[in-house]
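S.K.: So that we are looking at the same thing, I have put the structure below in structure tokens.
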Amino acid sequence: MTQEARAVIGRYAPSPTGPLHFGSLIAALASFCQARGQGGRWLLRIDDLDHPRVVAGAERAIRDTLADFGLVHDGPVLYQSERRVAYAEAVEHLKNTGFAFDCGCTRREARDGPVGLEGPVYPGTCRNGLPPGREARSVRLRVQRERIELLDHFQGRYGQDLAADIGDFVIRRADGITAYQLATVLDDQAQGVTDVIRGADLLSSTPRQIWIHRCLGWAPPTYGHIPVVVDADGEKLGKSTGALALDPAARQAQLIECLAMLGQMPPASLETRSVPGVLRWAVDNWEASRVPRRMDCRRLEMPGAG
Ligand SMILES: [Zn+2]
């Protein structure tokens with residue numbers, strides 16, 4: 001990572017599929033602090049591309065919750081649903097430059113490959129052109145045998161050999177919707193995002209996103225993956241868990257809990273501050289190096305711990 005001056009831009013990109021929960025607040029707060037703590041801007045993007053999963057009213061509720069908790073974004077909100085032309089142009093560009101190809105395989109046929117990190121690795125059937133009599137269903141991005149590594153702000157070094165671990169992956173789905181991986185990269189680039197802070201469940205997507213940046217001739221942003229909150233057995237907590245519901249009447253306490261979970265050691269005196277006061281402390285004292293690699297829900301019982 002170079003130390004030269006750069007205009008820091010962070011973002012929070014929720015899907016409008018339901019209300020924010022405690023885990024979402026941790027991720028939103030971490031990306032907010034990472035950007036504002038470096039004097040940067042913090043943007044909001046609504047990942048509303050996957051229409052069947054979009055819930056009416058969820059976007060409004062998310063924006064209201066963020067505002068309640070003092071997480072005020074800079075600039076206009078970017079909606080993925082308004083970016084379809086840009087996505088289609090990028091898919092065409094990747095096809096024209098040989099990085100992407102039409103795939104005629106059904107979901108079942110694409111499962112014929114060896115097992116990789118996220119299920120079967122695409123067997124390469126359509127890599128060199130559609131087999132006779134087949135029609136294009138999806139579009140895939142060609143990967144190569146090479147380890148793609150990143151130095152995550154919180155998780156340290158992480159890497160994958162995309163050819164062995166993932167395979168040529170879908171960038172436009174058979175239903176015509178742009179795949180999450182491509183849309184995210186195009187939006188991060190369009191918004192000039194420098195620091196992608198999000199949940200650790202997306203860490204395994206990151207080498208694919210770095211690869212897309214490279215295919216398009218762009219330098220990738222830096223990444224930081226907030227650990228997933230786990231229970232005593234190391235299992236990811238469900239959204240139904242009572243401890244994870246957000247309570248607008250307890251905003252300061254919940255923000256302080258989030259800061260404690262993020263390893264930021266909020267002082268007891270913060271409990272008397274207003275929501276903007278808590279956030280000001282959080283931004284002024286943000287230390288990315290203190291974010292733990294794992295989070296244990298047992299810490300949830302101790303608001304303001306540390
Ligand atoms: Zn195929």
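Scheme for the structure tokens: letters A, B, ... for chains in order shown; per-chain residue numbers from 1; ligand numbers from 1 in order shown.
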So that each row is one residue of chain A with an atom at most 10 Å from ligand 1, can you give its shortest atom pair and the distance in Å to one decimal, using only C-alpha atoms and all ligand atoms, rows by chain and rising number, as a tab-separated table?
M.R.:
residue	atom	partner	partner_atom_place_in_ligand_line	distance
A:Phe101	CA	ligand 1	1 (Zn)	8.9
A:Asp102	CA	ligand 1	1 (Zn)	7.3
A:Cys103	CA	ligand 1	1 (Zn)	3.8
A:Gly104	CA	ligand 1	1 (Zn)	4.7
A:Cys105	CA	ligand 1	1 (Zn)	4.0
A:Thr106	CA	ligand 1	1 (Zn)	7.5
A:Arg107	CA	ligand 1	1 (Zn)	9.1
A:Glu109	CA	ligand 1	1 (Zn)	7.6
A:Ala110	CA	ligand 1	1 (Zn)	6.3
A:Tyr122	CA	ligand 1	1 (Zn)	7.7
A:Pro123	CA	ligand 1	1 (Zn)	7.8
A:Gly124	CA	ligand 1	1 (Zn)	6.4
A:Thr125	CA	ligand 1	1 (Zn)	4.8
A:Cys126	CA	ligand 1	1 (Zn)	4.2
A:Arg127	CA	ligand 1	1 (Zn)	7.0
A:Asn128	CA	ligand 1	1 (Zn)	9.6
A:Gly129	CA	ligand 1	1 (Zn)	8.8
A:Leu130	CA	ligand 1	1 (Zn)	7.2
A:Pro131	CA	ligand 1	1 (Zn)	8.4
A:Arg134	CA	ligand 1	1 (Zn)	9.2
A:Glu135	CA	ligand 1	1 (Zn)	9.8
A:Ala136	CA	ligand 1	1 (Zn)	8.3
A:Arg137	CA	ligand 1	1 (Zn)	8.4
A:Ser138	CA	ligand 1	1 (Zn)	8.1
A:Val139	CA	ligand 1	1 (Zn)	8.7
A:Arg140	CA	ligand 1	1 (Zn)	8.2
A:Asp168	CA	ligand 1	1 (Zn)	9.4
A:Val170	CA	ligand 1	1 (Zn)	9.9
S.K.: If we count only C-alpha atoms, what is near Pro114 of chain A at a cut-off of 10 Å, once residues fewer than 3 positions away on the same chain are taken out, given as a list in words?
M.R.: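 Surrounding residues, per the criterion: Arg111, Gly119, Pro120, Val121, Tyr122, Pro123, Ala164, Asp165, Ile166 and Gly167 of chain A.
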S.K.: List the neighbours of segment 263-273 of chain A out to 8 Å using only C-alpha atoms; skip same-chain residues closer than 4 positions along the sequence, and give me the result as number ranges by chain.
M.R.: A: 252-253, 256, 259, 277-278, 282, 285-287, 290-292, 304-306
S.K.: How about saving the chosen residues, N, CA, C and O atoms kept, as a short mmCIF file (atom, residue, chain, number, x, y, z; two decimals), in the first residue's frame?
M.R.:
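Saved as part-v4.cif:
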data_model
loop_
_atom_site.label_atom_id
_atom_site.label_comp_id
_atom_site.auth_asym_id
_atom_site.auth_seq_id
_atom_site.Cartn_x
_atom_site.Cartn_y
_atom_site.Cartn_z
N GLN A 252 -27.41 5.62 21.15
CA GLN A 252 -26.04 5.81 21.66
C GLN A 252 -25.47 4.49 22.16
O GLN A 252 -24.34 4.12 21.82
N ALA A 253 -26.28 3.77 22.98
CA ALA A 253 -25.78 2.52 23.56
C ALA A 253 -25.43 1.52 22.47
O ALA A 253 -24.42 0.82 22.56
N ILE A 256 -22.25 2.52 20.73
CA ILE A 256 -21.10 2.24 21.61
C ILE A 256 -20.81 0.74 21.62
O ILE A 256 -19.64 0.32 21.58
N LEU A 259 -18.94 -0.02 18.52
CA LEU A 259 -17.54 0.41 18.62
C LEU A 259 -16.73 -0.58 19.44
O LEU A 259 -15.58 -0.89 19.11
N GLY A 277 -22.26 13.20 18.97
CA GLY A 277 -21.08 13.22 19.82
C GLY A 277 -20.37 11.87 19.84
O GLY A 277 -19.15 11.80 19.80
N VAL A 278 -21.16 10.79 19.89
CA VAL A 278 -20.58 9.45 19.85
C VAL A 278 -19.85 9.24 18.52
O VAL A 278 -18.73 8.73 18.45
N ALA A 282 -15.99 8.49 17.55
CA ALA A 282 -15.66 7.30 16.76
C ALA A 282 -14.76 7.65 15.57
O ALA A 282 -13.77 6.95 15.31
N ASN A 285 -11.22 8.84 16.74
CA ASN A 285 -10.38 7.83 17.39
C ASN A 285 -10.31 6.51 16.63
O ASN A 285 -9.82 5.51 17.17
N TRP A 286 -10.79 6.49 15.41
CA TRP A 286 -10.85 5.24 14.64
C TRP A 286 -9.45 4.68 14.40
O TRP A 286 -8.56 5.37 13.90
N GLU A 287 -9.28 3.41 14.77
CA GLU A 287 -8.01 2.70 14.54
C GLU A 287 -8.34 1.39 13.84
O GLU A 287 -8.79 0.43 14.47
N ARG A 290 -7.22 -1.98 15.22
CA ARG A 290 -7.82 -2.58 16.41
C ARG A 290 -9.01 -3.49 16.09
O ARG A 290 -9.53 -4.17 16.99
N VAL A 291 -9.48 -3.46 14.85
CA VAL A 291 -10.64 -4.29 14.50
C VAL A 291 -10.22 -5.76 14.60
O VAL A 291 -9.23 -6.16 13.98
N PRO A 292 -10.95 -6.56 15.37
CA PRO A 292 -10.54 -7.97 15.55
C PRO A 292 -10.86 -8.80 14.30
O PRO A 292 -11.70 -8.42 13.49
N GLY A 304 -20.33 -0.86 25.80
CA GLY A 304 -19.30 0.03 26.29
C GLY A 304 -18.13 -0.68 26.91
O GLY A 304 -17.31 -0.06 27.57
N ALA A 305 -18.04 -2.02 26.69
CA ALA A 305 -16.95 -2.78 27.29
C ALA A 305 -15.60 -2.27 26.81
O ALA A 305 -15.46 -1.81 25.69
N GLY A 306 -14.61 -2.35 27.67
CA GLY A 306 -13.27 -1.97 27.28
C GLY A 306 -12.98 -0.58 27.80
O GLY A 306 -11.93 -0.07 27.71
#
S.K.: Can you tell me, as a list in words, what residues are no more than 9 Å from Leu186 of chain A when counting only C-alpha atoms, ignoring any on the same chain fewer than 5 positions away?
M.R.: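 After dropping sequence-adjacent residues, the list is Ala86, Tyr87, Ala90, Gln181, Gln191, Ile212 and His213 of chain A.
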S.K.: Just write the chosen residues, all heavy atoms, as a CSV table (one decimal), in the first residue's frame.
M.R.:
chain,number,residue,atom,x,y,z
A,86,ALA,N,-24.9,1.2,-18.2
A,86,ALA,CA,-23.4,1.1,-17.9
A,86,ALA,C,-23.0,-0.4,-17.8
A,86,ALA,O,-21.9,-0.8,-18.3
A,86,ALA,CB,-23.1,1.9,-16.7
A,87,TYR,N,-23.8,-1.1,-17.1
A,87,TYR,CA,-23.5,-2.6,-16.9
A,87,TYR,C,-23.5,-3.3,-18.3
A,87,TYR,O,-22.6,-4.1,-18.5
A,87,TYR,CB,-24.5,-3.2,-16.0
A,87,TYR,CG,-24.7,-2.7,-14.6
A,87,TYR,CD1,-25.8,-2.8,-13.9
A,87,TYR,CD2,-23.6,-2.0,-14.0
A,87,TYR,CE1,-25.9,-2.3,-12.6
A,87,TYR,CE2,-23.7,-1.5,-12.7
A,87,TYR,CZ,-24.9,-1.6,-12.0
A,87,TYR,OH,-25.0,-1.1,-10.7
A,90,ALA,N,-20.4,-2.5,-20.2
A,90,ALA,CA,-19.2,-3.2,-19.7
A,90,ALA,C,-19.2,-4.6,-20.1
A,90,ALA,O,-18.1,-5.2,-20.5
A,90,ALA,CB,-19.2,-3.0,-18.2
A,181,GLN,N,-21.0,-9.4,-8.7
A,181,GLN,CA,-19.5,-9.2,-8.8
A,181,GLN,C,-19.2,-8.0,-9.7
A,181,GLN,O,-18.4,-7.1,-9.4
A,181,GLN,CB,-18.8,-10.4,-9.2
A,181,GLN,CG,-19.1,-11.7,-8.5
A,181,GLN,CD,-18.6,-11.7,-7.1
A,181,GLN,OE1,-17.9,-10.8,-6.7
A,181,GLN,NE2,-19.0,-12.8,-6.3
A,191,GLN,N,-17.9,5.5,-8.7
A,191,GLN,CA,-18.0,6.4,-7.5
A,191,GLN,C,-16.6,6.8,-6.9
A,191,GLN,O,-16.5,7.5,-6.0
A,191,GLN,CB,-18.8,5.8,-6.4
A,191,GLN,CG,-20.3,5.6,-6.8
A,191,GLN,CD,-21.2,5.2,-5.6
A,191,GLN,OE1,-21.1,4.1,-5.1
A,191,GLN,NE2,-22.0,6.1,-5.2
A,212,ILE,N,-11.8,-8.5,-12.1
A,212,ILE,CA,-12.6,-7.7,-13.0
A,212,ILE,C,-12.0,-6.3,-13.1
A,212,ILE,O,-11.9,-5.8,-14.3
A,212,ILE,CB,-14.1,-7.5,-12.4
A,212,ILE,CG1,-14.8,-8.9,-12.4
A,212,ILE,CG2,-14.9,-6.5,-13.3
A,212,ILE,CD1,-16.2,-8.9,-11.7
A,213,HIS,N,-11.5,-5.7,-12.1
A,213,HIS,CA,-10.9,-4.4,-12.2
A,213,HIS,C,-9.7,-4.5,-13.2
A,213,HIS,O,-9.5,-3.7,-14.0
A,213,HIS,CB,-10.3,-4.0,-10.8
A,213,HIS,CG,-11.3,-3.2,-10.0
A,213,HIS,ND1,-12.1,-3.8,-9.0
A,213,HIS,CD2,-11.7,-1.9,-10.0
A,213,HIS,CE1,-12.8,-2.8,-8.4
A,213,HIS,NE2,-12.6,-1.7,-9.0
S.K.: Check segment 18-96 of chain A with DSSP on the backbone and list each residue it calls strand (DSSP E), as a ChimeraX atom specification.
M.R.: /A:41-46,78-79
S.K.: Please report, as CSV, each residue of segment 190-279 of chain A lying at most 10 Å from segment 40-48 of chain A, together with the nearest pair of atoms and the separation in Å rounded to one decimal; use only C-alpha atoms, and order rows by chain and ascending residue number.
M.R.:
residue,atom,partner,partner_atom,distance
A:Gln191,CA,A:Leu43,CA,8.3
A:Val193,CA,A:Leu43,CA,8.7
A:Thr194,CA,A:Gly40,CA,9.6
A:Asp195,CA,A:Trp42,CA,9.8
S.K.: The selected residues should be written to file as a PDB file, in the first residue's frame (atoms: C-alpha atoms).
M.R.:
ATOM      1  CA  GLN A 191     -17.978   6.427  -7.496  1.00  0.00           C
ATOM      2  CA  VAL A 193     -14.316   4.349  -4.010  1.00  0.00           C
ATOM      3  CA  THR A 194     -10.904   3.843  -2.406  1.00  0.00           C
ATOM      4  CA  ASP A 195     -11.834   1.886   0.747  1.00  0.00           C
TER       5      ASP A 195
END
S.K.: Go through A:Pro248, A:Pro227, A:Pro52, A:Gly10 and flag the residue nearest Arg293 of chain A, using only C-alpha atoms for the distances.
M.R.: A:Pro227
S.K.: In segment 16-204 of chain A, what's helix (DSSP H, G or I) per DSSP? Answer as number ranges by chain?
M.R.: A: 22-36, 51-53, 58-68, 80-82, 84-96, 109-112, 162-165, 180-190, 200-204
S.K.: Rounded to one decimal place, report the atom CA of Lys95 of chain A-atom CA of Pro132 of chain A distance in Å.
M.R.: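 Pair atom CA of Lys95 of chain A / atom CA of Pro132 of chain A returns 19.3 Å.
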S.K.: Interatomic distance between atom CA of Gly37 of chain A and atom CA of Leu182 of chain A?
M.R.: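 Going from atom CA of Gly37 of chain A over to atom CA of Leu182 of chain A covers 28.3 Å.
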